[in-house]
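Written out below as structure tokens is the structure these notes cover.
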Amino acid sequence: MIHLSQPEAGVALVELDVAPANVLALAERARLLDAFAQIEADRTVRVAILTGRNGAFCTGDDLAESLSRDVAAQTAAILHFLDMCDRIAAVRAPVIAAVDGWCIGGGLELALACDIRLAGTRASFACSAVRMGLTASADRLTKLVGESRAKPHLLTGAPFDAARALADGIVAEVHASEGLLPAALDMARIIASRAPLAIEATKRVASGVSATAAEIPGLAASADHAEARAAFIGKRATLFEGR
């Protein structure tokens, strides 16, 4: 139900496959976290793509499963979903979300936990937590696009399309749905070609968990930095090894 593959060198592809709408019950969340744990442990993986099959990206928690939970169990399950998103956000490699079809509620939270979001023209988003008596995405969406753009989505829970997501800065690019995964792979290929330690450091700084001045000493001493300078002077291709 969670497919992990490596379509080309340095690139991992994680596909949600929980028909019909890619809900994430507790068992599927464990499988998703296991996939990202494998990515974290495999130093040959330099970038990951997260996407969904079945015409959806993700629609959040399994509501049918949630009906069997008491209040304590439901609270724990909701907090577990948020923790899952935090753990994916903390993966050392950049994660590109390729969003097509429904991306609502917890699914939007999952997409926001990724570093880059690309959308297909069929994508449909919604901050639907307020329609379920909950709150979600208020932290990540407001940090990403600012309060004035985030609050209309957060407080209405109304669906919005890929064009609105692009205009509001929620996604970086919009592609025809059939070209979405190839576009994500193209971007991943470029990222994978850059210096791995520099990519990881840049993600940490951009995510607010580190600072440029803290990262520079290690990067300046890296073999990759020496290789980049030698390759430039020698007018040859750079061979980064992540050390």
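Identifiers in the structure tokens: chain A, B, ... in order shown; residue index from 1 per chain; ligand index from 1 in order shown.
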
Fewer than 5 positions away in the same chain doesn't count, so skip those; otherwise give me all residues within 10 Å of Arg149 of chain A, counting only C-alpha atoms, as a list in words. Leu141, Thr142, Leu144, Leu154, Ala167, Asp168, Gly169 and Ile170 of chain A

Residue neighbourhood Leu50 of chain A, 8 Å, only C-alpha atoms, exclusion window fewer than 5 positions, as a PyMOL selection string: chain A and resi 13-16+95-98

Taking N, CA and C atoms for each residue, export the selection above as a PDB file, in the first residue's frame.
ATOM      1  N   LEU A  13      11.307   7.329  -4.766  1.00  0.00           N
ATOM      2  CA  LEU A  13       9.913   7.644  -5.066  1.00  0.00           C
ATOM      3  C   LEU A  13       9.029   6.891  -4.083  1.00  0.00           C
ATOM      4  N   VAL A  14       8.217   7.633  -3.332  1.00  0.00           N
ATOM      5  CA  VAL A  14       7.276   7.057  -2.374  1.00  0.00           C
ATOM      6  C   VAL A  14       5.872   7.333  -2.897  1.00  0.00           C
ATOM      7  N   GLU A  15       5.084   6.267  -3.078  1.00  0.00           N
ATOM      8  CA  GLU A  15       3.740   6.404  -3.624  1.00  0.00           C
ATOM      9  C   GLU A  15       2.709   5.853  -2.641  1.00  0.00           C
ATOM     10  N   LEU A  16       1.742   6.699  -2.271  1.00  0.00           N
ATOM     11  CA  LEU A  16       0.624   6.251  -1.456  1.00  0.00           C
ATOM     12  C   LEU A  16      -0.356   5.509  -2.356  1.00  0.00           C
ATOM     13  N   VAL A  95      12.405  16.631   0.175  1.00  0.00           N
ATOM     14  CA  VAL A  95      11.247  15.851  -0.257  1.00  0.00           C
ATOM     15  C   VAL A  95      10.366  16.735  -1.129  1.00  0.00           C
ATOM     16  N   ILE A  96      10.087  16.262  -2.330  1.00  0.00           N
ATOM     17  CA  ILE A  96       9.204  16.963  -3.265  1.00  0.00           C
ATOM     18  C   ILE A  96       7.841  16.284  -3.224  1.00  0.00           C
ATOM     19  N   ALA A  97       6.783  17.040  -2.942  1.00  0.00           N
ATOM     20  CA  ALA A  97       5.429  16.509  -3.014  1.00  0.00           C
ATOM     21  C   ALA A  97       4.883  16.757  -4.418  1.00  0.00           C
ATOM     22  N   ALA A  98       4.496  15.693  -5.107  1.00  0.00           N
ATOM     23  CA  ALA A  98       3.851  15.793  -6.421  1.00  0.00           C
ATOM     24  C   ALA A  98       2.365  15.563  -6.195  1.00  0.00           C
TER      25      ALA A  98
END

Can you check which parts of segment 97-124 of chain A lie within 12 Å of segment 26-45 of chain A? Per residue, the shortest pair of atoms and distance in Å to one decimal, counting only C-alpha atoms, sorted by chain and number, as a Markdown table.
| residue | atom | partner | partner_atom | distance |
| --- | --- | --- | --- | --- |
| A:Gly106 | CA | A:Arg29 | CA | 11.7 |
| A:Gly107 | CA | A:Arg29 | CA | 11.9 |
| A:Leu110 | CA | A:Arg29 | CA | 11.1 |
| A:Cys114 | CA | A:Phe36 | CA | 12.0 |

Those same residues - N, CA and C atoms - I'd like them written as a PDB file, in the first residue's frame.
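What ended up in selection.pdb:
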ATOM      1  N   GLY A 106      -5.553  16.327   6.623  1.00  0.00           N
ATOM      2  CA  GLY A 106      -4.231  15.818   6.950  1.00  0.00           C
ATOM      3  C   GLY A 106      -3.358  15.636   5.727  1.00  0.00           C
ATOM      4  N   GLY A 107      -3.973  15.431   4.568  1.00  0.00           N
ATOM      5  CA  GLY A 107      -3.199  15.319   3.334  1.00  0.00           C
ATOM      6  C   GLY A 107      -2.488  16.612   2.989  1.00  0.00           C
ATOM      7  N   LEU A 110       0.432  16.934   5.278  1.00  0.00           N
ATOM      8  CA  LEU A 110       1.525  16.095   4.787  1.00  0.00           C
ATOM      9  C   LEU A 110       2.264  16.787   3.652  1.00  0.00           C
ATOM     10  N   CYS A 114       6.493  18.656   3.297  1.00  0.00           N
ATOM     11  CA  CYS A 114       7.523  18.446   2.281  1.00  0.00           C
ATOM     12  C   CYS A 114       8.224  19.769   1.975  1.00  0.00           C
TER      13      CYS A 114
END

Find the residues near Ile190 of chain A: any atom within 12 Å, counting only C-alpha atoms, skip ones fewer than 2 places away on the same chain, and give them as a list of chain:residue names.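 The neighbour list is A:Ala9, A:Gly10, A:Val11, A:Arg46, A:Val47, A:Pro94, A:Ala183, A:Ala184, A:Leu185, A:Asp186, A:Met187, A:Ala188, A:Ala192, A:Ser193, A:Arg194, A:Ala195, A:Pro196, A:Ile199.
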
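Backbone DSSP over segment 99-234 of chain A gives strand (DSSP E or B) for Val99, Trp102, Cys103, Ile104, Ile116, Arg117, Leu118, Ala119, Gly120, Ser124, Phe125, Ala126, Phe160, Asp161, Glu173, Val174 and His175 of chain A.
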